[in-house]
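Trainee: For reference, the structure I am asking about is given below.
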Amino acid sequence: MSNVTSETQAGANNQEAPVIARLSVLDRFLPLWIILAMAGGLVLGRAIPSLNTHLNAVQVTSGTSLPIFVGLLVMMYPVLAKVRYDEIGTVTRDRKLLISSLVINWVIGPAVMFTLAWLMLPDLQTYRTGLIIVGLARCIAMVLIWNELAFGDREAAAVLVALNSLFQVVAFALLGYFYLKVLPGWLGLSTVGLNLSIWRIAETVAIFLGIPLLAGYLTRTIGERARGREWYETKLIPRIAPFALYGLLYTIVILFALQGHTIT
């Protein structure tokens with residue numbers, strides 16, 4: 001029995017070794033870098049009180065500063081440049097995957113967040129409303145980053161992010177009205193008004209997903225046509241891949257610098 005156990009453990013170690021070996025120093029100590037980026041942002045926000053004003057001086061869309069947009073673009077572009085767009089058709093034919101994603105994101109997720117908001121924050125309307133809205137806001141950039149770190153299916157991630165982003169344009173305002181106005185009224189709870197523009201949501205999705213998606217698609221298409229897939233994936237991708245995490249850390253610094261005074 002001990003021999004069998006030893007062989008099993010050895011086999012498991014052999015399977016894990018290649019994955020660990022693939023992790024760079026940046027990947028391996030990512031939690032540490034994130035904590036340091038958060039701390040650095042807080043220090044900047046406290047040390048330079050006018051930093052918030054300067055960072056928000058130029059905005060891409062209303063409420064989103066140019067420095068944050070640059071960070072998100074740098075973070076998403078390498079991941080989307082890795083996607084094999086000619087294989088996306090396989091993912092789109094998987095009806096079970098697409099439907100389950102929509103159900104989890106737009107039926108289960110909002111209901112869970114609504115429940116948590118009223119259980120945990122019944123007397124704090126602003127925070128409660130924010131939590132409900134967060135439950136309706138599909139994340140784009142971070143989903144791609146975490147999927148990449150977990151060695152997930154890039155093509156499936158790209159399709160699901162795009163699908164939920166498009167669905168968000170249609171469903172966000174309607175679900176926001178339902179969970180902030182209609183459902184609380186049915187349950188005898190206080191209601192909150194919500195003014196959202198579908199065009200504003202569409203603009204945000206187009207900018208924050210459309211631009212990096214187009215850049216990634218063009219990079220792969222042009223790169224493969226010019227030098228071939230082997231060169232593209234063995235030479236070019238390794239050079240641009242680290243910028244995804246650089247963009248992540250930079251964005252964290254900026255976000256915490258913007259809210260440094262408020263948080264502390």
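If you're wondering about the labels, chains in the structure tokens are A, B, ... by order shown, residues count from 1 in each chain, ligands from 1 in order shown.
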Quick one: DSSP strand (DSSP E or B) residues in segment 26-243 of chain A, as a list in words?
Mentor: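 These are the residues in question: Gln59, Val60, Thr61, Thr64 and Ser65 of chain A.
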Trainee: Print the selection's residues with all heavy atoms to a file, as an mmCIF file, in the first residue's frame.
Mentor:
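What ended up in selection_29.cif:
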```
data_model
loop_
_atom_site.group_PDB
_atom_site.id
_atom_site.type_symbol
_atom_site.label_atom_id
_atom_site.label_comp_id
_atom_site.auth_asym_id
_atom_site.auth_seq_id
_atom_site.Cartn_x
_atom_site.Cartn_y
_atom_site.Cartn_z
ATOM 1 N N GLN A 59 -10.833 62.497 -19.237
ATOM 2 C CA GLN A 59 -11.685 61.324 -19.120
ATOM 3 C C GLN A 59 -12.031 60.761 -20.487
ATOM 4 O O GLN A 59 -12.274 61.514 -21.436
ATOM 5 C CB GLN A 59 -12.964 61.668 -18.351
ATOM 6 C CG GLN A 59 -12.705 62.092 -16.908
ATOM 7 C CD GLN A 59 -13.982 62.154 -16.099
ATOM 8 O OE1 GLN A 59 -15.094 62.130 -16.641
ATOM 9 N NE2 GLN A 59 -13.843 62.228 -14.785
ATOM 10 N N VAL A 60 -12.036 59.426 -20.557
ATOM 11 C CA VAL A 60 -12.421 58.735 -21.783
ATOM 12 C C VAL A 60 -13.938 58.742 -21.912
ATOM 13 O O VAL A 60 -14.504 59.052 -22.955
ATOM 14 C CB VAL A 60 -11.889 57.290 -21.790
ATOM 15 C CG1 VAL A 60 -12.315 56.574 -23.066
ATOM 16 C CG2 VAL A 60 -10.377 57.289 -21.659
ATOM 17 N N THR A 61 -14.615 58.336 -20.839
ATOM 18 C CA THR A 61 -16.065 58.460 -20.745
ATOM 19 C C THR A 61 -16.366 59.141 -19.426
ATOM 20 O O THR A 61 -15.491 59.291 -18.582
ATOM 21 C CB THR A 61 -16.756 57.079 -20.770
ATOM 22 O OG1 THR A 61 -16.292 56.294 -19.655
ATOM 23 C CG2 THR A 61 -16.459 56.342 -22.049
ATOM 24 N N THR A 64 -14.726 57.944 -16.018
ATOM 25 C CA THR A 64 -13.578 57.055 -16.216
ATOM 26 C C THR A 64 -12.404 57.859 -16.751
ATOM 27 O O THR A 64 -12.478 58.403 -17.849
ATOM 28 C CB THR A 64 -13.908 55.921 -17.201
ATOM 29 O OG1 THR A 64 -15.058 55.207 -16.725
ATOM 30 C CG2 THR A 64 -12.738 54.956 -17.298
ATOM 31 N N SER A 65 -11.342 57.936 -15.956
ATOM 32 C CA SER A 65 -10.193 58.754 -16.341
ATOM 33 C C SER A 65 -9.337 58.042 -17.379
ATOM 34 O O SER A 65 -9.345 56.810 -17.491
ATOM 35 C CB SER A 65 -9.350 59.086 -15.109
ATOM 36 O OG SER A 65 -8.721 57.920 -14.601
#
```
Trainee: Go through segment 58-135 of chain A and flag each residue having an atom no more than 12 Å from segment 224-232 of chain A; for those, report the closest pair of atoms plus their distance in Å to one decimal, using only C-alpha atoms, ordered by chain and rising number, as a tab-separated table.
Mentor:
```
residue	atom	partner	partner_atom	distance
A:Ala81	CA	A:Tyr232	CA	9.9
A:Lys82	CA	A:Tyr232	CA	9.2
A:Val83	CA	A:Tyr232	CA	11.6
A:Arg84	CA	A:Arg229	CA	9.8
A:Tyr85	CA	A:Glu224	CA	11.6
A:Asp86	CA	A:Glu224	CA	11.6
```
Trainee: For the residues selected in the previous step, produce a file with N, CA and C atoms as a tab-separated table (two decimals), in the first residue's frame.
Mentor:
```tsv
chain	number	residue	atom	x	y	z
A	81	ALA	N	-4.78	39.15	-27.54
A	81	ALA	CA	-3.88	38.84	-28.65
A	81	ALA	C	-3.52	37.36	-28.67
A	82	LYS	N	-3.69	36.67	-27.54
A	82	LYS	CA	-3.39	35.24	-27.46
A	82	LYS	C	-4.54	34.37	-27.99
A	83	VAL	N	-5.73	34.92	-28.07
A	83	VAL	CA	-6.91	34.15	-28.48
A	83	VAL	C	-6.76	33.70	-29.93
A	84	ARG	N	-7.04	32.41	-30.18
A	84	ARG	CA	-7.07	31.89	-31.55
A	84	ARG	C	-8.47	32.08	-32.10
A	85	TYR	N	-8.65	33.17	-32.82
A	85	TYR	CA	-9.98	33.57	-33.25
A	85	TYR	C	-10.59	32.60	-34.27
A	86	ASP	N	-9.75	31.84	-34.94
A	86	ASP	CA	-10.28	30.87	-35.89
A	86	ASP	C	-10.88	29.65	-35.20
```
Trainee: For segment 121-133 of chain A, work out the shell of residues within 9 Å, counting only C-alpha atoms and skipping chain neighbours fewer than 5 positions away, then give it as a VMD selection string.
Mentor: chain A and resid 110 to 111 113 to 116 172 176 179 to 180 190 192
Trainee: Please measure the separation of atom CA of Pro238 of chain A and atom CA of Ile35 of chain A, giving the value in Å to one decimal.
Mentor: 25.3 Å
Trainee: Which is closest to Leu213 of chain A among A:Ile140, A:Tyr177, A:Arg239, A:Gly40, if we use only C-alpha atoms?
Mentor: A:Ile140
Trainee: I'd like to know which residues of segment 82-226 of chain A are helix (DSSP H, G or I) (by DSSP, run on the backbone); could you write them as a PyMOL selection string?
Mentor: chain A and resi 82+85-92+95-120+125-136+141-149+154-186+198-226
Trainee: Find the residues around Ala156 of chain A up to 10 Å (only C-alpha atoms counted), leave out those fewer than 2 positions away in its own chain, and share them as a ChimeraX atom specification.
Mentor: /A:83,87-92,94,97-98,147,152-154,158-162
Trainee: Excluding same-chain residues fewer than 6 positions from segment 261-263 of chain A, what lies within 12 Å of it counting only C-alpha atoms, as a tab-separated table (two decimals) with N, CA, C and O atoms, in the first residue's frame?
Mentor:
```tsv
chain	number	residue	atom	x	y	z
A	38	MET	N	-1.48	48.00	-4.00
A	38	MET	CA	-2.53	48.64	-3.21
A	38	MET	C	-1.93	49.62	-2.21
A	38	MET	O	-2.40	50.77	-2.08
A	39	ALA	N	-0.89	49.18	-1.51
A	39	ALA	CA	-0.24	50.04	-0.52
A	39	ALA	C	0.37	51.27	-1.20
A	39	ALA	O	0.26	52.40	-0.70
A	41	GLY	N	-0.57	52.69	-3.98
A	41	GLY	CA	-1.64	53.60	-4.38
A	41	GLY	C	-2.17	54.41	-3.22
A	41	GLY	O	-2.41	55.61	-3.35
A	42	LEU	N	-2.35	53.75	-2.06
A	42	LEU	CA	-2.83	54.47	-0.88
A	42	LEU	C	-1.85	55.54	-0.44
A	42	LEU	O	-2.25	56.66	-0.07
A	43	VAL	N	-0.56	55.22	-0.47
A	43	VAL	CA	0.47	56.20	-0.09
A	43	VAL	C	0.46	57.40	-1.03
A	43	VAL	O	0.52	58.56	-0.59
A	44	LEU	N	0.35	57.11	-2.34
A	44	LEU	CA	0.30	58.21	-3.31
A	44	LEU	C	-0.93	59.09	-3.09
A	44	LEU	O	-0.86	60.32	-3.15
A	45	GLY	N	-2.07	58.45	-2.84
A	45	GLY	CA	-3.29	59.20	-2.64
A	45	GLY	C	-3.23	60.10	-1.41
A	45	GLY	O	-3.81	61.19	-1.41
A	46	ARG	N	-2.54	59.63	-0.37
A	46	ARG	CA	-2.41	60.43	0.85
A	46	ARG	C	-1.32	61.49	0.71
A	46	ARG	O	-1.46	62.62	1.19
A	47	ALA	N	-0.22	61.12	0.04
A	47	ALA	CA	0.92	62.04	-0.05
A	47	ALA	C	0.66	63.20	-1.00
A	47	ALA	O	1.19	64.29	-0.83
A	48	ILE	N	-0.16	62.95	-2.04
A	48	ILE	CA	-0.44	64.00	-3.03
A	48	ILE	C	-1.96	64.22	-3.07
A	48	ILE	O	-2.67	63.57	-3.85
A	49	PRO	N	-2.48	65.11	-2.25
A	49	PRO	CA	-3.94	65.32	-2.18
A	49	PRO	C	-4.57	65.72	-3.51
A	49	PRO	O	-5.73	65.39	-3.78
A	50	SER	N	-3.81	66.40	-4.35
A	50	SER	CA	-4.37	66.86	-5.63
A	50	SER	C	-4.29	65.80	-6.73
A	50	SER	O	-4.69	66.06	-7.87
A	51	LEU	N	-3.75	64.61	-6.39
A	51	LEU	CA	-3.57	63.57	-7.41
A	51	LEU	C	-4.89	63.16	-8.04
A	51	LEU	O	-4.97	62.93	-9.24
A	52	ASN	N	-5.93	63.08	-7.22
A	52	ASN	CA	-7.25	62.68	-7.72
A	52	ASN	C	-7.71	63.63	-8.81
A	52	ASN	O	-8.21	63.21	-9.87
A	255	LEU	N	-6.18	53.05	-9.15
A	255	LEU	CA	-7.48	52.99	-8.48
A	255	LEU	C	-7.36	53.32	-7.00
A	255	LEU	O	-8.18	54.07	-6.44
```
Trainee: May I ask which of the residues A:Ile99, A:Leu136, A:Phe243, A:Leu36 is the closest one to Val112 of chain A, counting only C-alpha atoms?
Mentor: A:Leu136
Trainee: May I have the residues within 12 Å of Val25 of chain A as a count of residues only, using only C-alpha atoms and disregarding those fewer than 6 positions away in the same chain?
Mentor: 5
Trainee: In Å, with one decimal, what is the gap from atom CA of Glu148 of chain A to atom CA of Gly135 of chain A?
Mentor: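 Atom CA of Gly135 of chain A lies 22.7 Å from atom CA of Glu148 of chain A.
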